[in-house]
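Chemist: Okay, so here is model.pdb, and as you'll see once you scroll down, it has PDB, C-alpha atoms.
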MODEL        1
ATOM      1  CA  MET E   1      29.836  28.292 -23.806
ATOM      2  CA  LYS E   2      26.331  27.414 -24.896
ATOM      3  CA  ASN E   3      23.346  28.902 -23.065
ATOM      4  CA  LEU E   4      20.350  26.562 -22.965
ATOM      5  CA  THR E   5      16.795  27.842 -22.627
ATOM      6  CA  PHE E   6      13.743  26.083 -21.261
ATOM      7  CA  ILE E   7      11.785  26.384 -24.488
ATOM      8  CA  GLY E   8      14.645  25.065 -26.638
ATOM      9  CA  ASP E   9      13.512  21.462 -27.101
ATOM     10  CA  ILE E  10       9.781  21.538 -26.434
ATOM     11  CA  ASP E  11       7.291  20.322 -29.059
ATOM     12  CA  GLN E  12       5.008  22.772 -30.893
ATOM     13  CA  TYR E  13       1.861  21.915 -28.917
ATOM     14  CA  SER E  14       3.715  22.640 -25.704
ATOM     15  CA  ILE E  15       5.188  25.862 -27.099
ATOM     16  CA  ASP E  16       1.650  27.018 -27.812
ATOM     17  CA  HIS E  17       0.859  26.385 -24.119
ATOM     18  CA  ILE E  18       4.252  27.352 -22.663
ATOM     19  CA  ASP E  19       2.782  29.404 -19.813
ATOM     20  CA  GLU E  20       1.182  26.228 -18.464
ATOM     21  CA  ILE E  21       4.454  24.278 -18.366
ATOM     22  CA  HIS E  22       6.841  24.617 -15.428
ATOM     23  CA  PHE E  23       8.926  21.462 -15.925
ATOM     24  CA  LYS E  24      10.595  19.303 -18.486
ATOM     25  CA  TYR E  25      12.586  16.162 -17.858
ATOM     26  CA  HIS E  26      14.682  13.494 -19.503
ATOM     27  CA  ILE E  27      16.595  10.388 -18.528
ATOM     28  CA  ASN E  28      20.103   9.996 -19.952
ATOM     29  CA  THR E  29      22.605   7.164 -20.171
ATOM     30  CA  PHE E  30      25.432   9.267 -21.607
ATOM     31  CA  ASP E  31      27.529  12.163 -20.425
ATOM     32  CA  PHE E  32      27.006  15.765 -21.545
ATOM     33  CA  PRO E  33      30.559  17.140 -21.907
ATOM     34  CA  MET E  34      29.565  20.455 -23.490
ATOM     35  CA  LEU E  35      30.025  23.351 -21.062
ATOM     36  CA  HIS E  36      26.706  25.165 -20.823
ATOM     37  CA  SER E  37      24.554  27.358 -18.638
ATOM     38  CA  HIS E  38      20.814  27.719 -18.239
ATOM     39  CA  LYS E  39      19.254  31.043 -19.073
ATOM     40  CA  ASP E  40      15.801  30.623 -17.538
ATOM     41  CA  TYR E  41      15.728  27.369 -15.578
ATOM     42  CA  TRP E  42      17.444  25.332 -12.901
ATOM     43  CA  GLU E  43      18.499  21.783 -13.700
ATOM     44  CA  PHE E  44      18.160  19.119 -10.994
ATOM     45  CA  THR E  45      19.976  15.845 -11.662
ATOM     46  CA  ILE E  46      19.663  12.527  -9.863
ATOM     47  CA  LEU E  47      22.436  10.058 -10.656
ATOM     48  CA  THR E  48      20.847   6.624 -10.426
ATOM     49  CA  ASP E  49      23.706   4.474 -11.796
ATOM     50  CA  GLY E  50      27.472   4.827 -12.082
ATOM     51  CA  LYS E  51      29.769   7.714 -11.221
ATOM     52  CA  ILE E  52      29.908  11.080 -12.917
ATOM     53  CA  HIS E  53      32.088  14.177 -12.877
ATOM     54  CA  ASN E  54      30.121  17.401 -12.644
ATOM     55  CA  ILE E  55      32.361  20.294 -13.645
ATOM     56  CA  LEU E  56      30.480  23.180 -12.036
ATOM     57  CA  ASN E  57      31.923  26.692 -12.361
ATOM     58  CA  GLU E  58      35.344  25.213 -13.217
ATOM     59  CA  LYS E  59      35.389  22.949 -10.131
ATOM     60  CA  LYS E  60      35.260  19.189 -10.736
ATOM     61  CA  GLU E  61      33.262  17.040  -8.312
ATOM     62  CA  THR E  62      32.763  13.302  -8.626
ATOM     63  CA  TYR E  63      29.393  11.944  -7.561
ATOM     64  CA  PRO E  64      28.410   8.339  -6.853
ATOM     65  CA  GLN E  65      25.013   6.865  -7.632
ATOM     66  CA  ASN E  66      22.110   8.135  -5.513
ATOM     67  CA  THR E  67      23.386  11.697  -5.603
ATOM     68  CA  LEU E  68      21.121  14.657  -6.275
ATOM     69  CA  PHE E  69      22.830  17.767  -7.625
ATOM     70  CA  PHE E  70      21.753  20.903  -9.420
ATOM     71  CA  ALA E  71      22.814  23.920 -11.445
ATOM     72  CA  CYS E  72      21.099  27.297 -11.390
ATOM     73  CA  THR E  73      21.071  30.190 -13.839
ATOM     74  CA  THR E  74      24.341  31.628 -12.480
ATOM     75  CA  ASP E  75      26.229  28.358 -13.021
ATOM     76  CA  ALA E  76      28.118  26.856 -15.948
ATOM     77  CA  HIS E  77      28.615  23.102 -15.978
ATOM     78  CA  CYS E  78      29.079  19.892 -17.917
ATOM     79  CA  LEU E  79      28.802  16.198 -17.074
ATOM     80  CA  LYS E  80      31.456  13.591 -17.857
ATOM     81  CA  LYS E  81      31.561   9.888 -17.049
ATOM     82  CA  ALA E  82      33.966   9.173 -14.199
ATOM     83  CA  THR E  83      34.566   5.517 -15.117
ATOM     84  CA  SER E  84      33.929   3.151 -17.989
ATOM     85  CA  GLU E  85      30.839   1.749 -16.267
ATOM     86  CA  LYS E  86      27.377   2.727 -17.456
ATOM     87  CA  ILE E  87      25.743   5.836 -16.101
ATOM     88  CA  ARG E  88      22.109   6.811 -15.841
ATOM     89  CA  TYR E  89      20.654  10.017 -14.551
ATOM     90  CA  ILE E  90      17.380  11.894 -14.396
ATOM     91  CA  ASN E  91      17.275  15.591 -15.252
ATOM     92  CA  ILE E  92      14.374  17.754 -14.211
ATOM     93  CA  ALA E  93      14.416  21.327 -15.477
ATOM     94  CA  VAL E  94      12.321  23.867 -13.592
ATOM     95  CA  LYS E  95      11.537  27.370 -14.787
ATOM     96  CA  GLU E  96      13.313  29.779 -12.464
ATOM     97  CA  SER E  97      10.221  31.989 -12.113
ATOM     98  CA  TYR E  98       8.125  29.025 -10.930
ATOM     99  CA  LEU E  99      10.902  27.696  -8.707
ATOM    100  CA  SER E 100      11.161  31.058  -6.963
ATOM    101  CA  GLN E 101       7.439  31.051  -6.170
ATOM    102  CA  LEU E 102       7.572  27.494  -4.895
ATOM    103  CA  LEU E 103      10.651  27.928  -2.704
ATOM    104  CA  ASN E 104       9.406  31.189  -1.226
ATOM    105  CA  LEU E 105       6.435  29.267   0.156
ATOM    106  CA  LEU E 106       8.861  27.152   2.160
ATOM    107  CA  SER E 107      11.239  29.890   3.245
ATOM    108  CA  PRO E 108      11.980  33.382   1.934
ATOM    109  CA  THR E 109      15.725  32.608   2.118
ATOM    110  CA  PHE E 110      15.767  29.031   0.784
ATOM    111  CA  MET E 111      16.460  29.877  -2.866
ATOM    112  CA  GLN E 112      19.358  32.160  -1.964
ATOM    113  CA  LYS E 113      20.788  29.521   0.376
ATOM    114  CA  LEU E 114      20.639  26.943  -2.415
ATOM    115  CA  MET E 115      22.601  29.284  -4.661
ATOM    116  CA  GLU E 116      25.269  29.876  -2.013
ATOM    117  CA  ARG E 117      25.752  26.432  -0.484
ATOM    118  CA  GLU E 118      26.741  22.955  -1.644
ATOM    119  CA  LYS E 119      24.788  21.837  -4.663
ATOM    120  CA  LYS E 120      24.825  18.118  -3.964
ATOM    121  CA  TYR E 121      22.858  15.823  -1.672
ATOM    122  CA  PRO E 122      22.769  12.087  -1.156
ATOM    123  CA  ILE E 123      19.248  10.913  -1.910
ATOM    124  CA  PRO E 124      17.645   7.670  -0.675
ATOM    125  CA  THR E 125      16.800   4.935  -3.163
ATOM    126  CA  GLU E 126      13.181   4.950  -1.950
ATOM    127  CA  THR E 127      12.827   8.622  -2.888
ATOM    128  CA  ILE E 128      14.320   7.954  -6.311
ATOM    129  CA  TYR E 129      11.810   5.137  -6.872
ATOM    130  CA  LYS E 130       8.913   7.442  -5.999
ATOM    131  CA  ILE E 131      10.230  10.107  -8.387
ATOM    132  CA  GLU E 132      10.716   7.557 -11.177
ATOM    133  CA  GLU E 133       7.199   6.203 -10.714
ATOM    134  CA  LEU E 134       5.759   9.700 -11.193
ATOM    135  CA  LEU E 135       7.968  10.336 -14.241
ATOM    136  CA  TYR E 136       6.887   7.025 -15.736
ATOM    137  CA  LYS E 137       3.239   8.012 -15.382
ATOM    138  CA  ALA E 138       3.968  11.418 -16.951
ATOM    139  CA  ASN E 139       5.759   9.726 -19.838
ATOM    140  CA  LEU E 140       2.637   7.718 -20.699
ATOM    141  CA  LEU E 141       0.536  10.838 -21.226
ATOM    142  CA  LYS E 142      -0.191  12.480 -24.559
ATOM    143  CA  SER E 143       1.197  15.957 -25.177
ATOM    144  CA  ALA E 144      -2.332  17.394 -24.925
ATOM    145  CA  GLN E 145      -2.516  16.239 -21.298
ATOM    146  CA  LEU E 146      -0.301  19.102 -20.157
ATOM    147  CA  ARG E 147      -2.010  19.810 -16.852
ATOM    148  CA  THR E 148      -1.854  16.210 -15.686
ATOM    149  CA  LYS E 149       1.749  15.878 -16.847
ATOM    150  CA  ASN E 150       2.673  19.114 -15.101
ATOM    151  CA  ASP E 151       0.968  17.904 -11.905
ATOM    152  CA  LEU E 152       2.913  14.633 -11.979
ATOM    153  CA  LEU E 153       6.191  16.447 -12.595
ATOM    154  CA  ASN E 154       5.333  18.890  -9.833
ATOM    155  CA  SER E 155       4.774  15.947  -7.479
ATOM    156  CA  ALA E 156       8.136  14.438  -8.430
ATOM    157  CA  PHE E 157       9.864  17.766  -7.985
ATOM    158  CA  LEU E 158       8.237  18.331  -4.600
ATOM    159  CA  LEU E 159       9.866  15.086  -3.426
ATOM    160  CA  ILE E 160      13.223  16.545  -4.471
ATOM    161  CA  ILE E 161      12.578  19.880  -2.775
ATOM    162  CA  GLN E 162      11.276  18.214   0.379
ATOM    163  CA  HIS E 163      14.473  16.172   0.585
ATOM    164  CA  MET E 164      16.691  19.214  -0.016
ATOM    165  CA  PHE E 165      14.745  21.425   2.383
ATOM    166  CA  SER E 166      14.800  18.913   5.229
ATOM    167  CA  SER E 167      18.537  18.349   4.616
ATOM    168  CA  GLN E 168      19.140  22.103   4.876
ATOM    169  CA  ILE E 169      16.992  22.866   7.921
ATOM    170  CA  ASN E 170      19.806  22.404  10.396
ATOM    171  CA  VAL E 171      22.087  24.700   8.377
ATOM    172  CA  LEU E 172      19.595  27.403   7.419
ATOM    173  CA  ASP E 173      20.167  30.461   9.517
ATOM    174  CA  ASP E 174      17.741  33.249  10.292
ATOM    175  CA  LYS E 175      19.830  36.051   8.818
TER     176      LYS E 175
ENDMDL
END
Could you spell out this file's structure in structure tokens?

Modeler:
Amino acid sequence: MKNLTFIGDIDQYSIDHIDEIHFKYHINTFDFPMLHSHKDYWEFTILTDGKIHNILNEKKETYPQNTLFFACTTDAHCLKKATSEKIRYINIAVKESYLSQLLNLLSPTFMQKLMEREKKYPIPTETIYKIEELLYKANLLKSAQLRTKNDLLNSAFLLIIQHMFSSQINVLDDK
């Protein structure tokens, strides 16, 4: 199994400023059938078109479009097309150290609950559009505009976290 790191596919300018970067993202139209884990980041995926199998810790789940799902550093997974139709998904990788700080602001138990509970959520089309608009703006920036890009990606990610947090509120317990 391959272990992927956050820094693995970042350009040299960004590597020189790696402490300023909390996110990276990409949009794919193909599956990723190689079983892998993430050493230092969590991967949040939004399936925008098609159906996909997410084999997470040896359990296969099939997700329809408008599904948000994620893998953390303790998970191993791969993505395979579920049908012959086209797929499209957005991946946002978040450094685990930054994610921990962010989630602890919301709830000291939220990160642990995410690791223990279901790792999939339906997500409204309107939320996806807002996220895509922010990613589009980030994509137009030059690599030297790291702070602005990071702010835009942070904004997109906060939409994801807000959706997940509000979905979990009724199941979060005070233990």

Chemist: Just how far from CA of Phe44 (chain E) is CA of Glu61 (chain E), in Å to one decimal?

Modeler: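 Computed distance, CA of Glu61 (chain E) to CA of Phe44 (chain E), equals 15.5 Å.
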
Chemist: Could you check which of E:Asn139, E:Leu146, E:Leu68, E:Ala93 is closest to Lys24 (chain E), using all atoms listed in the file?

Modeler: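 Once distances to Lys24 (chain E) are computed over all atoms listed in the file, the minimum belongs to E:Ala93.
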
Chemist: If the PyMOL selection byres ((chain E and resi 115-126) around 10) were run on this exact file, what residues would it hold? Put them as a count of residues only.

Modeler: 37

Chemist: What does the PyMOL selection byres ((chain E and resi 51-54) around 7) select in this file, as a PyMOL selection string?

Modeler: chain E and resi 49-50+55-56+60-65+77-83+87

Chemist: CA of Phe32 (chain E) and CA of Leu135 (chain E) are how many Å apart?

Modeler: 21.1 Å

Chemist: Measure the distance from CA of Leu106 (chain E) to CA of Ile169 (chain E) in Å and round it to one decimal.

Modeler: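 Separation between CA of Leu106 (chain E) and CA of Ile169 (chain E): 10.8 Å.
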
Chemist: What are the centre and the three edge lengths of an axis-aligned box that wraps all atoms of region 59-73 of chain E in the file, given that 3 Å is added to every side, written as AutoDock Vina command-line options and rounded to one decimal in Å?

Modeler:
--center_x 28.2 --center_y 18.5 --center_z -9.7 --size_x 20.3 --size_y 29.3 --size_z 14.3

Chemist: Find the residue from E:Leu134, E:His38, E:Ser100, E:Val94 that sits nearest to Asp151 (chain E); use only C-alpha atoms when measuring.

Modeler: E:Leu134

Chemist: Just checking: using all atoms listed in the file, which residue out of E:Asn91, E:Ser37, E:Asn28, E:Thr109 ends up closest to Leu153 (chain E)?

Modeler: E:Asn91

Chemist: Of the residues E:Phe30, E:Phe165, E:Tyr136, E:Tyr41, which is the one nearest to Tyr89 (chain E), using only C-alpha atoms?

Modeler: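 That would be E:Phe30, the residue with the smallest distance to Tyr89 (chain E).
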
Chemist: Of the residues E:Arg88, E:Phe23, E:Gln101, E:Leu35, which is the one nearest to Leu152 (chain E), using all atoms listed in the file?

Modeler: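 Distance minimum relative to Leu152 (chain E) lands on E:Phe23.
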
Chemist: Could region 44-55 of chain E be completed with all heavy atoms and returned as a compact mmCIF listing (two decimals), in the frame of the given file?

Modeler:
# COMPACT_ATOMS: atom_id res chain seq x y z
N PHE E 44 17.96 20.03 -12.12
CA PHE E 44 18.16 19.12 -10.99
C PHE E 44 18.45 17.74 -11.57
O PHE E 44 17.69 17.25 -12.42
CB PHE E 44 16.92 19.08 -10.10
CG PHE E 44 16.69 20.39 -9.40
CD1 PHE E 44 16.04 21.44 -10.03
CD2 PHE E 44 17.15 20.58 -8.10
CE1 PHE E 44 15.86 22.65 -9.40
CE2 PHE E 44 16.96 21.79 -7.46
CZ PHE E 44 16.31 22.83 -8.10
N THR E 45 19.53 17.13 -11.12
CA THR E 45 19.98 15.84 -11.66
C THR E 45 20.07 14.83 -10.54
O THR E 45 20.61 15.12 -9.47
CB THR E 45 21.36 16.00 -12.34
OG1 THR E 45 21.27 17.02 -13.35
CG2 THR E 45 21.81 14.71 -12.98
N ILE E 46 19.54 13.64 -10.80
CA ILE E 46 19.66 12.53 -9.86
C ILE E 46 20.44 11.43 -10.58
O ILE E 46 19.97 10.87 -11.57
CB ILE E 46 18.29 11.99 -9.42
CG1 ILE E 46 17.48 13.09 -8.75
CG2 ILE E 46 18.48 10.79 -8.49
CD1 ILE E 46 16.03 12.71 -8.51
N LEU E 47 21.63 11.14 -10.09
CA LEU E 47 22.44 10.06 -10.66
C LEU E 47 21.95 8.74 -10.06
O LEU E 47 22.04 8.53 -8.85
CB LEU E 47 23.92 10.29 -10.35
CG LEU E 47 24.88 9.27 -10.92
CD1 LEU E 47 24.86 9.27 -12.44
CD2 LEU E 47 26.29 9.53 -10.41
N THR E 48 21.41 7.89 -10.91
CA THR E 48 20.85 6.62 -10.43
C THR E 48 21.80 5.45 -10.60
O THR E 48 21.68 4.45 -9.90
CB THR E 48 19.52 6.30 -11.14
OG1 THR E 48 19.76 6.17 -12.55
CG2 THR E 48 18.48 7.37 -10.88
N ASP E 49 22.75 5.55 -11.54
CA ASP E 49 23.71 4.47 -11.80
C ASP E 49 25.05 5.06 -12.19
O ASP E 49 25.11 6.04 -12.94
CB ASP E 49 23.23 3.57 -12.95
CG ASP E 49 21.95 2.83 -12.62
OD1 ASP E 49 21.95 2.05 -11.66
OD2 ASP E 49 20.95 3.06 -13.33
N GLY E 50 26.12 4.44 -11.69
CA GLY E 50 27.47 4.83 -12.08
C GLY E 50 28.03 5.98 -11.28
O GLY E 50 27.50 6.35 -10.22
N LYS E 51 29.12 6.54 -11.81
CA LYS E 51 29.77 7.71 -11.22
C LYS E 51 29.93 8.76 -12.32
O LYS E 51 30.18 8.42 -13.47
CB LYS E 51 31.15 7.37 -10.68
CG LYS E 51 31.15 6.57 -9.42
CD LYS E 51 32.55 6.39 -8.89
CE LYS E 51 32.52 5.60 -7.60
NZ LYS E 51 33.85 5.40 -7.06
N ILE E 52 29.82 10.01 -11.92
CA ILE E 52 29.91 11.08 -12.92
C ILE E 52 30.70 12.25 -12.34
O ILE E 52 30.69 12.49 -11.13
CB ILE E 52 28.49 11.52 -13.37
CG1 ILE E 52 28.55 12.22 -14.72
CG2 ILE E 52 27.83 12.38 -12.33
CD1 ILE E 52 27.21 12.28 -15.42
N HIS E 53 31.43 12.92 -13.24
CA HIS E 53 32.09 14.18 -12.88
C HIS E 53 31.14 15.31 -13.27
O HIS E 53 30.67 15.35 -14.42
CB HIS E 53 33.40 14.39 -13.65
CG HIS E 53 34.45 13.37 -13.39
ND1 HIS E 53 34.93 13.08 -12.14
CD2 HIS E 53 35.14 12.59 -14.25
CE1 HIS E 53 35.87 12.16 -12.24
NE2 HIS E 53 36.00 11.83 -13.52
N ASN E 54 30.86 16.18 -12.35
CA ASN E 54 30.12 17.40 -12.64
C ASN E 54 31.13 18.53 -12.54
O ASN E 54 31.65 18.81 -11.46
CB ASN E 54 28.97 17.60 -11.64
CG ASN E 54 28.14 18.82 -11.94
OD1 ASN E 54 27.91 19.16 -13.09
ND2 ASN E 54 27.67 19.48 -10.89
N ILE E 55 31.46 19.14 -13.66
CA ILE E 55 32.36 20.29 -13.64
C ILE E 55 31.46 21.51 -13.55
O ILE E 55 30.80 21.90 -14.51
CB ILE E 55 33.28 20.34 -14.88
CG1 ILE E 55 34.22 19.12 -14.87
CG2 ILE E 55 34.10 21.61 -14.87
CD1 ILE E 55 33.82 18.02 -15.73
